[in-house]
Each structure stands twice: as structure tokens, then as C-alpha cells.
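Single-structure report; data block below.
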Number of protein chains: 2
Amino acid sequence: MTATDDHIDRLPAPALTRPTSQAERVADMLRTFIIEGELAPGVRLSEERLSRKYQVSRNTLREAFRLLSRERLLVHRMHRGVFVARPTGEDVRDLFRARRALELPAVREADRAPRELVEAVGAAVTEGEAARAEEDWWRMGSANMRFHEALAGLARSARVDEFMRQVLAETRLVFHVMAAPKEFHDPYLPWNRRIHLALVAEDTEDAAAELTEYLATSEEQLIRAFDAMDPAAET
Amino acid sequence: MTATDDHIDRLPAPALTRPTSQAERVADMLRTFIIEGELAPGVRLSEERLSRKYQVSRNTLREAFRLLSRERLLVHRMHRGVFVARPTGEDVRDLFRARRALELPAVREADRAPRELVEAVGAAVTEGEAARAEEDWWRMGSANMRFHEALAGLARSARVDEFMRQVLAETRLVFHVMAAPKEFHDPYLPWNRRIHLALVAEDTEDAAAELTEYLATSEEQLIRAFDAMDPAAET
DNA sequence: GATTGCAGTATTGTTCAACGATCCAACAAT
DNA sequence: ATTGTTGGATCGTTGAACAATACTGCAATC
């Protein structure tokens with residue numbers, strides 16, 4: 001190793017472009033379709049038709065299915081096939097218990113977290129406000145998800161981050177179960193801002209209190225919407 | 001539905017014996033081997049040899065691999081195969097951050113949890129003490145895992161429970177990375193009992209304080225052991 | 001009329017053999 | 001010592017095949 005090799009140390013970054021398998025690519029597509037609601041909860045995904053449509057073998061497709069069912073976006077029923085997950089009211093309760101477990105302690109620790117993590121929270125709120133100004137409800141929903149992802153991120157654990165992403169993806173499914181009015185996220189935007197301001201002010205207890213209330217309200221609203229739903233639809 | 005159908009309502013339970021696929025059975029075997037240390041961290045699992053050994057096709061085996069890599073027990077490297085995960089020092093820190101995020105808030109909420117969940121904590125401690133009396137170190141380790149699983153269980157979320165199980169399984173791998181002396185769990189047993197007693201007394205803050213100290217001590221010990229390890233072994 | 005029994009059909013579960021793609025170790029060339 | 005090349009091993013993916021299971025509809029039964 002000569003002195004001229006120092007160039008290398010100064011290079012951009014360890015290129016994160018890890019090779020991706022075909023199964024992962026198919027899974028990425030399906031994940032998008034599911035989260036965006038193009039594949040409605042409960043529909044069955046036929047192996048034969050999908051493998052023909054996306055030009056992959058059944059084996060490869062099944063591998064993609066496995067990736068997605070580990071994220072709870074698909075459910076696999078023996079000899080019956082895979083279906084887009086259809087969260088129940090109980091799932092909603094469970095999801096919110098999980099979110100409380102993840103988000104609240106993270107917020108309480110916020111004063112020990114590096115500044116840029118708090119800034120990520122603020123950025124998500126700002127993004128949400130911008131989306132609202134343009135009445136882009138889908139983007140607003142995404143920003144709201146990122147807001148909560150950023151909150152959990154304050155715990156600074158990669159594993160917690162990943163778990164949180166799964167929980168939020170599932171939460172998103174919930175909105176599709178009931179034809180969700182886009183304005184669902186709307187009332188929560190100012191709440192997000194308040195939480196962020198409390199974090200910046202390092203008043204973590206205030207932030208936690210706001211978040212507690214937020215979660216309770218949001219959960220209650222979702223549960224109400226579920227109970228109002230036609231139970232027969234839960235085939 | 002006639003009146004005589006009431007028998008059905010009185011039947012034992014919804015038999016949870018869901019049909020299990022071949023891939024799941026293989027995954028179960030491998031999981032046991034990994035957690036018990038028969039498959040050391042870092043070793044590569046050859047598709048061809050394993051498929052011959054367990055009389056399943058390569059495709060089915062790959063299905064099992066996917067299941068285990070979602071639990072982070074195996075890592076999949078493109079075109080190189082799957083390997084038993086080999087947690088690093090950074091992983092240990094991450095695991096403990098995750099455990100703090102999960103266990104501490106669960107403990108703080110313990111006064112709102114049903115009694116049987118607290119009893120599950122006590123049962124795990126008792127089991128650990130019994131195992132120690134018999135000098136069954138492996139059983140003692142298992143009991144310790146169940147203790148922490150029970151703590152996280154106080155949050156009453158199925159998703160949190162599953163996440164915690166994964167975190168604990170990985171933690172178990174950590175012990176295999178460094179040829180762990182069986183006495184590793186030993187000093188922690190009295191601690192577990194103190195935490196349980198605090199829970200029974202509904203002194204959740206005391207329990208949380210003890211647990212915080214416990215986790216800090218345990219993490220520090222593991223990190224020290226990691227740093228003392230031959231770095232060359234981390235190929 | 002409701003339940004049960006029994007086809008036939010469609011779909012999934014699993015296997016197998018094959019081929020291209022990629023990695024890796026060993027060697028040769030500079 | 002570094003770089004290019006080669007060959008073997010293993011993975012990624014495919015397509016076809018057969019077995020196992022679930023679903024549908026209809027006939028038989030009470």
C-alpha cells in the first residue's frame with residue numbers, strides 16, 4: 001500500500017448498491033401495490049397468474065411471497081394460497097400497543113439523542129404541512145408515517161427501526177380495510193408539530209403526554225370506524 | 001343450527017394444530033440447532049448437502065432459509081449462500097437498545113397488566129432457580145430468556161412479543177459467538193427475583209430501576225467479552 | 001329442506017434436472 | 001506485489017411434472 005492510495009479513503013462512501021435478487025424485485029413491486037392499495041386487503045394472489053404476469057417462475061414468486069408474509073403484508077394459508085392481509089379490529093389494538101411501546105420511550109429519551117434525529121422529526125412534519133397545502137393526501141399520509149418512524153428512530157436501534165417500519169406498513173393497510181377518507185390524517189398534523197416543538201424544547205415529558213393523547217385518539221377513531229363496518233365484509 | 005349443536009360450543013378449544021409445511025419443519029430443526037449452538041455462528045449452510053441430508057429439495061430448503069433469515073438467525077449473501085449469523089459488538093449494543101425500548105416501558109406499565117402476566121414472570125424466575133440448583137446451565141439460560149420474554153409480555157402486544165422473541169434468540173447467538181462460560185447468567189438470577197418482587201409489590205419504578213441497572217451491567221459484560229475476543233476471528 | 005357423501009376440478013406443495021451467473025481460490029503474467 | 005485469467009463449486013432461476021389438498025356442485029339421504 002503506497003501513499004497514493006489515500007485517494008481511496010476519500011472516496012464517496014461504501015456503495016450501498018447491494019445486488020438484488022429477482023424475488024426481491026418482485027416483492028418490492030407487490031409491496032408498493034399493497035401499501036398503495038392497488039391490491040385490496042383480502043384478495044388472493046394466484047401463483048400461476050402472477051408468475052406469468054411478471055415473467056418469473058412460480059418458485060421465484062413464492063420466494064417473494066415469503067418475503068412479504070414475513071412483513072405481515074401477506075398471509076399464507078396452507079394449500080389455499082397467499083392473501084393480502086386483512087387487519088382486524090384486534091390487530092388495530094395490537095398495533096397501537098406496539099406503537100406505544102416503541103414511540104413513547106423513544107420520545108422520553110429524546111434529550112439524549114443526537115440533534116439530527118430530532119431534526120428528522122421536524123422534517124417529516126414540514127413535509128406533511130407542505131403536502132397538506134397542496135391537498136396531496138397520499139403524500140400527507142406518507143409524511144405522517146415518516147413522522148412516527150422518526151419518533152421511534154430516537155431510540156437509535158436499527159432493529160427497533162425495522163420493527164417500526166413493519167408496524168407502520170401494517171397500519172397503512174388498516175386504512176385500506178375501510179375505504180379511508182383521505183382527511184383521516186388531517187386533524188393530526190398540528191399535533192405532530194406540537195410534539196416536535198416539545199422535543200426541540202427538550203420537554204420530553206410534554207412530548208410524551210401529547211403523543212399519548214394522540215395515539216389514544218387515533219386508535220379510538222380507527223376502532224370506531226372498524227366497528228361501524230359491515231361485519232359481513234370480514235369474510 | 002339446532003339446539004343440539006351446543007355440544008360444539010363446549011368443545012376443548014380451537015385446535016391450534018395448523019397444518020405445517022415441510023419447509024417449516026426443516027426451519028424448526030435448524031433453528032434448534034442454531035440456538036443450541038450445534039451450528040456455530042459464521043458457518044455456511046450448503047444447499048446441496050443439507051437438502052440431501054434432510055431429504056428435501058433445494059427449493060424447499062431455500063424456503064426454510066428464508067424463514068430463518070427473517071429471524072436474523074441466518075444471513076443471506078447473494079450468490080454465496082446462507083450463513084449462521086455472527087453478531088458483532090455493534091449488534092450487541094443494538095440488541096440492548098431494543099431490549100431497553102421493549103422491556104422498560106412494559107415493566108413501568110406492569111400495574112395495569114393482568115395478574116397472570118406478572119405470575120409468568122415469577123414462574124420464569126422460579127424455573128431459573130430450580131435449574132441452578134441442578135446446575136443445569138442450559139436450562140438456566142432458557143429460563144432467563146423466558147424471564148425477559150415475560151417482562152416484554154407485560155406490554156400485551158402479540159407483535160411486541162414476537163419481536164422480543166427474535167431479539168432474545170439473537171441474544172442467545174451472542175453467547176455462542178464467544179464460547180460463553182455457562183456462569184454468564186449466574187449473577188443475574190437474584191436480580192431477576194428482585195425485579196419480580198418489585199412487580200408483585202406494584203413498585204414499578206423500583207422494578208424499572210433494577211432492570212435498567214441489570215441491562216447496563218449485562219451489556220457491559222458482553223461488550224467487554226467481545227472486545228477481549230480475537231478480532232481476527234471476525235472474518 | 002338441510003345435511004351428508006362423493007365426484008371432478010382448480011390450485012397449491014414439492015420435487016427434479018438443467019443452465020446461466022457469480023464467487024472464489026489458484027495460478028500465470030506483468 | 002499487483003493484476004489478469006482460468007476452472008470448479010455453488011447459487012439463482014427456470015419449467016415441467018406429480019402429489020396433496022381445498023373448493024364446487026350435485027346427488028343421495030334423513
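Identifiers for the C-alpha cells are assigned positionally: chains receive A, B, ... in sequence, residues are indexed from 1 per chain, and ligands are indexed from 1 in the order shown.
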
I'd like the neighbourhood of segment 5-10 of chain C as an MDAnalysis selection string, where a residue qualifies if any of its atoms comes within 12 Å (using only C-alpha atoms (C1' of nucleotides)), though same-chain residues fewer than 6 positions away should be ignored.
(chainID A and resid 46 48 79:80) or (chainID D and resid 21:29)

Export N, CA and C atoms (P, O5', C5', C4', C3', O3' and C1' of nucleotides) of the chosen residues as a tab-separated table (two decimals), in the first residue's frame?
chain	number	residue	atom	x	y	z
A	46	SER	N	-52.87	-15.29	-7.02
A	46	SER	CA	-52.68	-16.58	-7.68
A	46	SER	C	-51.24	-16.74	-8.14
A	48	GLU	N	-50.03	-18.84	-10.29
A	48	GLU	CA	-49.86	-19.05	-11.73
A	48	GLU	C	-50.00	-17.74	-12.50
A	79	HIS	N	-52.23	-24.66	1.42
A	79	HIS	CA	-52.99	-25.21	0.29
A	79	HIS	C	-54.10	-24.30	-0.20
A	80	ARG	N	-54.06	-23.07	0.28
A	80	ARG	CA	-55.09	-22.16	-0.17
A	80	ARG	C	-54.50	-20.95	-0.89
D	21	DT	P	-52.57	-34.15	2.20
D	21	DT	O5'	-53.52	-32.91	1.89
D	21	DT	C5'	-52.96	-31.60	1.85
D	21	DT	C4'	-53.93	-30.66	1.19
D	21	DT	C3'	-55.34	-30.70	1.78
D	21	DT	O3'	-55.54	-29.49	2.48
D	21	DT	C1'	-55.34	-30.54	-0.61
D	22	DA	P	-56.88	-29.18	3.26
D	22	DA	O5'	-57.64	-28.28	2.20
D	22	DA	C5'	-57.07	-27.04	1.82
D	22	DA	C4'	-57.90	-26.41	0.72
D	22	DA	C3'	-59.35	-26.13	1.10
D	22	DA	O3'	-59.69	-24.82	0.69
D	22	DA	C1'	-59.26	-27.40	-0.88
D	23	DC	P	-61.09	-24.21	1.08
D	23	DC	O5'	-61.92	-24.33	-0.26
D	23	DC	C5'	-61.50	-23.56	-1.39
D	23	DC	C4'	-62.36	-23.95	-2.59
D	23	DC	C3'	-63.86	-23.78	-2.35
D	23	DC	O3'	-64.39	-22.93	-3.36
D	23	DC	C1'	-63.37	-25.93	-3.25
D	24	DT	P	-65.94	-22.49	-3.24
D	24	DT	O5'	-66.63	-23.37	-4.37
D	24	DT	C5'	-65.97	-23.56	-5.62
D	24	DT	C4'	-66.82	-24.44	-6.52
D	24	DT	C3'	-68.31	-24.29	-6.29
D	24	DT	O3'	-68.97	-24.06	-7.53
D	24	DT	C1'	-67.68	-26.59	-6.10
D	25	DG	P	-70.53	-23.70	-7.54
D	25	DG	O5'	-71.16	-25.10	-7.99
D	25	DG	C5'	-70.56	-25.82	-9.04
D	25	DG	C4'	-71.16	-27.20	-9.12
D	25	DG	C3'	-72.68	-27.23	-8.97
D	25	DG	O3'	-73.24	-28.03	-10.01
D	25	DG	C1'	-71.67	-28.72	-7.43
D	26	DC	P	-74.81	-28.09	-10.18
D	26	DC	O5'	-75.09	-29.63	-9.86
D	26	DC	C5'	-74.20	-30.61	-10.39
D	26	DC	C4'	-74.49	-31.94	-9.73
D	26	DC	C3'	-75.98	-32.23	-9.50
D	26	DC	O3'	-76.26	-33.57	-9.87
D	26	DC	C1'	-74.81	-32.43	-7.48
D	27	DA	P	-77.79	-34.03	-10.08
D	27	DA	O5'	-77.81	-35.42	-9.31
D	27	DA	C5'	-76.69	-36.30	-9.44
D	27	DA	C4'	-76.56	-37.11	-8.16
D	27	DA	C3'	-77.86	-37.76	-7.70
D	27	DA	O3'	-77.64	-39.13	-7.39
D	27	DA	C1'	-76.92	-36.46	-5.95
D	28	DA	P	-78.86	-40.09	-7.11
D	28	DA	O5'	-78.71	-40.35	-5.55
D	28	DA	C5'	-77.47	-40.82	-5.04
D	28	DA	C4'	-77.49	-40.80	-3.52
D	28	DA	C3'	-78.76	-41.42	-2.92
D	28	DA	O3'	-78.38	-42.36	-1.92
D	28	DA	C1'	-78.41	-39.23	-2.05
D	29	DT	P	-79.53	-43.29	-1.25
D	29	DT	O5'	-79.77	-42.60	0.16
D	29	DT	C5'	-78.64	-42.26	0.98
D	29	DT	C4'	-79.08	-41.33	2.08
D	29	DT	C3'	-80.36	-41.75	2.80
D	29	DT	O3'	-80.04	-42.24	4.10
D	29	DT	C1'	-80.26	-39.39	2.41

Chain D residues near chain A within 9 Å, closest pair each, using only C-alpha atoms (C1' of nucleotides), as a tab-separated table:
residue	atom	partner	partner_atom	distance
D:DG12	C1'	A:Ser21	CA	7.9
D:DT13	C1'	A:Thr60	CA	7.1
D:DT14	C1'	A:Ser57	CA	6.1
D:DG15	C1'	A:Ser57	CA	7.6
D:DA20	C1'	A:His79	CA	8.6
D:DT21	C1'	A:His79	CA	5.9
D:DA22	C1'	A:Arg80	CA	6.7

Let me see the file: selected residues, N, CA, C and O atoms (P, O5', C5', C4', C3', O3' and C1' of nucleotides), as a short mmCIF file (atom, residue, chain, number, x, y, z; two decimals), in the first residue's frame.
data_model
loop_
_atom_site.label_atom_id
_atom_site.label_comp_id
_atom_site.auth_asym_id
_atom_site.auth_seq_id
_atom_site.Cartn_x
_atom_site.Cartn_y
_atom_site.Cartn_z
P DG D 12 -28.64 -17.62 -4.10
"O5'" DG D 12 -28.96 -17.55 -5.65
"C5'" DG D 12 -28.49 -16.43 -6.40
"C4'" DG D 12 -29.26 -16.31 -7.70
"C3'" DG D 12 -30.78 -16.25 -7.54
"O3'" DG D 12 -31.30 -15.28 -8.44
"C1'" DG D 12 -30.19 -18.12 -8.87
P DT D 13 -32.88 -14.97 -8.43
"O5'" DT D 13 -33.44 -15.96 -9.52
"C5'" DT D 13 -32.93 -15.86 -10.85
"C4'" DT D 13 -33.48 -16.98 -11.70
"C3'" DT D 13 -35.00 -17.19 -11.56
"O3'" DT D 13 -35.61 -16.66 -12.73
"C1'" DT D 13 -33.77 -19.25 -11.72
P DT D 14 -37.18 -16.85 -12.95
"O5'" DT D 14 -37.20 -18.16 -13.82
"C5'" DT D 14 -36.28 -18.28 -14.90
"C4'" DT D 14 -36.37 -19.67 -15.48
"C3'" DT D 14 -37.80 -20.15 -15.73
"O3'" DT D 14 -38.02 -20.25 -17.13
"C1'" DT D 14 -36.45 -21.84 -14.70
P DG D 15 -39.49 -20.13 -17.73
"O5'" DG D 15 -39.93 -21.66 -17.89
"C5'" DG D 15 -39.12 -22.52 -18.66
"C4'" DG D 15 -39.52 -23.95 -18.38
"C3'" DG D 15 -41.05 -24.17 -18.37
"O3'" DG D 15 -41.37 -25.13 -19.37
"C1'" DG D 15 -40.01 -25.13 -16.44
P DA D 20 -49.57 -38.05 -2.22
"O5'" DA D 20 -50.12 -36.65 -1.74
"C5'" DA D 20 -49.23 -35.70 -1.18
"C4'" DA D 20 -50.00 -34.47 -0.74
"C3'" DA D 20 -51.31 -34.78 0.02
"O3'" DA D 20 -51.38 -33.94 1.16
"C1'" DA D 20 -51.76 -33.41 -1.86
P DT D 21 -52.57 -34.15 2.20
"O5'" DT D 21 -53.52 -32.91 1.89
"C5'" DT D 21 -52.96 -31.60 1.85
"C4'" DT D 21 -53.93 -30.66 1.19
"C3'" DT D 21 -55.34 -30.70 1.78
"O3'" DT D 21 -55.54 -29.49 2.48
"C1'" DT D 21 -55.34 -30.54 -0.61
P DA D 22 -56.88 -29.18 3.26
"O5'" DA D 22 -57.64 -28.28 2.20
"C5'" DA D 22 -57.07 -27.04 1.82
"C4'" DA D 22 -57.90 -26.41 0.72
"C3'" DA D 22 -59.35 -26.13 1.10
"O3'" DA D 22 -59.69 -24.82 0.69
"C1'" DA D 22 -59.26 -27.40 -0.88
#

Using DSSP on the backbone coordinates, identify the residues of segment 62-109 of chain B assigned to strand (DSSP E); present them as a list in words.
Leu74, Val75, His76, Arg77, Gly81, Val82, Phe83 and Val84 of chain B

Kindly provide the residues of chain C that approach chain B to within 9 Å, each paired with its closest atom pair and their distance in Å to one decimal, based on only C-alpha atoms (C1' of nucleotides), listed by chain and increasing number, as CSV.
residue,atom,partner,partner_atom,distance
C:DG13,C1',B:Ser21,CA,8.1
C:DT14,C1',B:Thr60,CA,7.2
C:DT15,C1',B:Ser57,CA,6.0
C:DC16,C1',B:Ser57,CA,8.0
C:DA21,C1',B:His79,CA,8.6
C:DT22,C1',B:His79,CA,6.0
C:DC23,C1',B:Arg80,CA,6.7

According to DSSP computed on the backbone, where in segment 9-167 of chain A is there alpha helix (DSSP H)? Give the residues as a ChimeraX atom specification.
/A:9,22-36,47-53,58-70,89-108,115-133,137-153,158-167

Select from chain A every residue with an atom at most 8 Å from any atom of chain B, then for each give the shortest pair of atoms and their distance in Å to one decimal, using only C-alpha atoms, rows by chain and rising number, as JSON lines.
{"residue": "A:Pro19", "atom": "CA", "partner": "B:Met78", "partner_atom": "CA", "distance": 6.9}
{"residue": "A:Thr20", "atom": "CA", "partner": "B:Met78", "partner_atom": "CA", "distance": 7.7}
{"residue": "A:Ser21", "atom": "CA", "partner": "B:Met78", "partner_atom": "CA", "distance": 7.7}
{"residue": "A:Asn59", "atom": "CA", "partner": "B:Asn59", "partner_atom": "CA", "distance": 7.4}
{"residue": "A:Glu63", "atom": "CA", "partner": "B:Glu63", "partner_atom": "CA", "distance": 7.0}
{"residue": "A:Arg66", "atom": "CA", "partner": "B:Arg66", "partner_atom": "CA", "distance": 7.2}
{"residue": "A:Leu67", "atom": "CA", "partner": "B:Arg66", "partner_atom": "CA", "distance": 7.5}
{"residue": "A:Arg70", "atom": "CA", "partner": "B:Arg70", "partner_atom": "CA", "distance": 6.8}
{"residue": "A:Met78", "atom": "CA", "partner": "B:Pro19", "partner_atom": "CA", "distance": 6.8}
{"residue": "A:Asp94", "atom": "CA", "partner": "B:Ser157", "partner_atom": "CA", "distance": 5.2}
{"residue": "A:Leu95", "atom": "CA", "partner": "B:Arg159", "partner_atom": "CA", "distance": 7.3}
{"residue": "A:Arg97", "atom": "CA", "partner": "B:Ser157", "partner_atom": "CA", "distance": 5.8}
{"residue": "A:Ala98", "atom": "CA", "partner": "B:Val160", "partner_atom": "CA", "distance": 5.8}
{"residue": "A:Ala101", "atom": "CA", "partner": "B:Leu102", "partner_atom": "CA", "distance": 6.4}
{"residue": "A:Leu102", "atom": "CA", "partner": "B:Ala101", "partner_atom": "CA", "distance": 6.4}
{"residue": "A:Pro105", "atom": "CA", "partner": "B:Ala101", "partner_atom": "CA", "distance": 6.3}
{"residue": "A:Ala106", "atom": "CA", "partner": "B:Ala101", "partner_atom": "CA", "distance": 7.1}
{"residue": "A:Ala155", "atom": "CA", "partner": "B:Arg97", "partner_atom": "CA", "distance": 7.1}
{"residue": "A:Arg156", "atom": "CA", "partner": "B:Arg97", "partner_atom": "CA", "distance": 7.3}
{"residue": "A:Ser157", "atom": "CA", "partner": "B:Asp94", "partner_atom": "CA", "distance": 5.2}
{"residue": "A:Ala158", "atom": "CA", "partner": "B:Asp94", "partner_atom": "CA", "distance": 6.6}
{"residue": "A:Arg159", "atom": "CA", "partner": "B:Ala98", "partner_atom": "CA", "distance": 6.7}
{"residue": "A:Val160", "atom": "CA", "partner": "B:Ala98", "partner_atom": "CA", "distance": 5.8}
{"residue": "A:Phe163", "atom": "CA", "partner": "B:Phe163", "partner_atom": "CA", "distance": 7.4}

Atom pair atom CA of Ala216 of chain A / atom CA of Phe147 of chain A: separation (Å):
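Taking atom CA of Ala216 of chain A as the start and atom CA of Phe147 of chain A as the end point, the length is 16.8 Å.
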
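Interatomic distance, atom CA of Arg172 of chain B against atom CA of Pro87 of chain B: 10.0 Å.
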
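Omitting DC24 of chain C and its sequence neighbours fewer than 4 positions away, and counting only C-alpha atoms (C1' of nucleotides), the residues within 12 Å are His79 and Arg80 of chain B; DT6, DG7, DG8, DA9 and DT10 of chain D.
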
Which residues are near DT30 of chain C? Cut-off 12 Å, only C-alpha atoms (C1' of nucleotides), ignore same chain within fewer than 6 positions. Put them as a ChimeraX atom specification.
/D:1-4
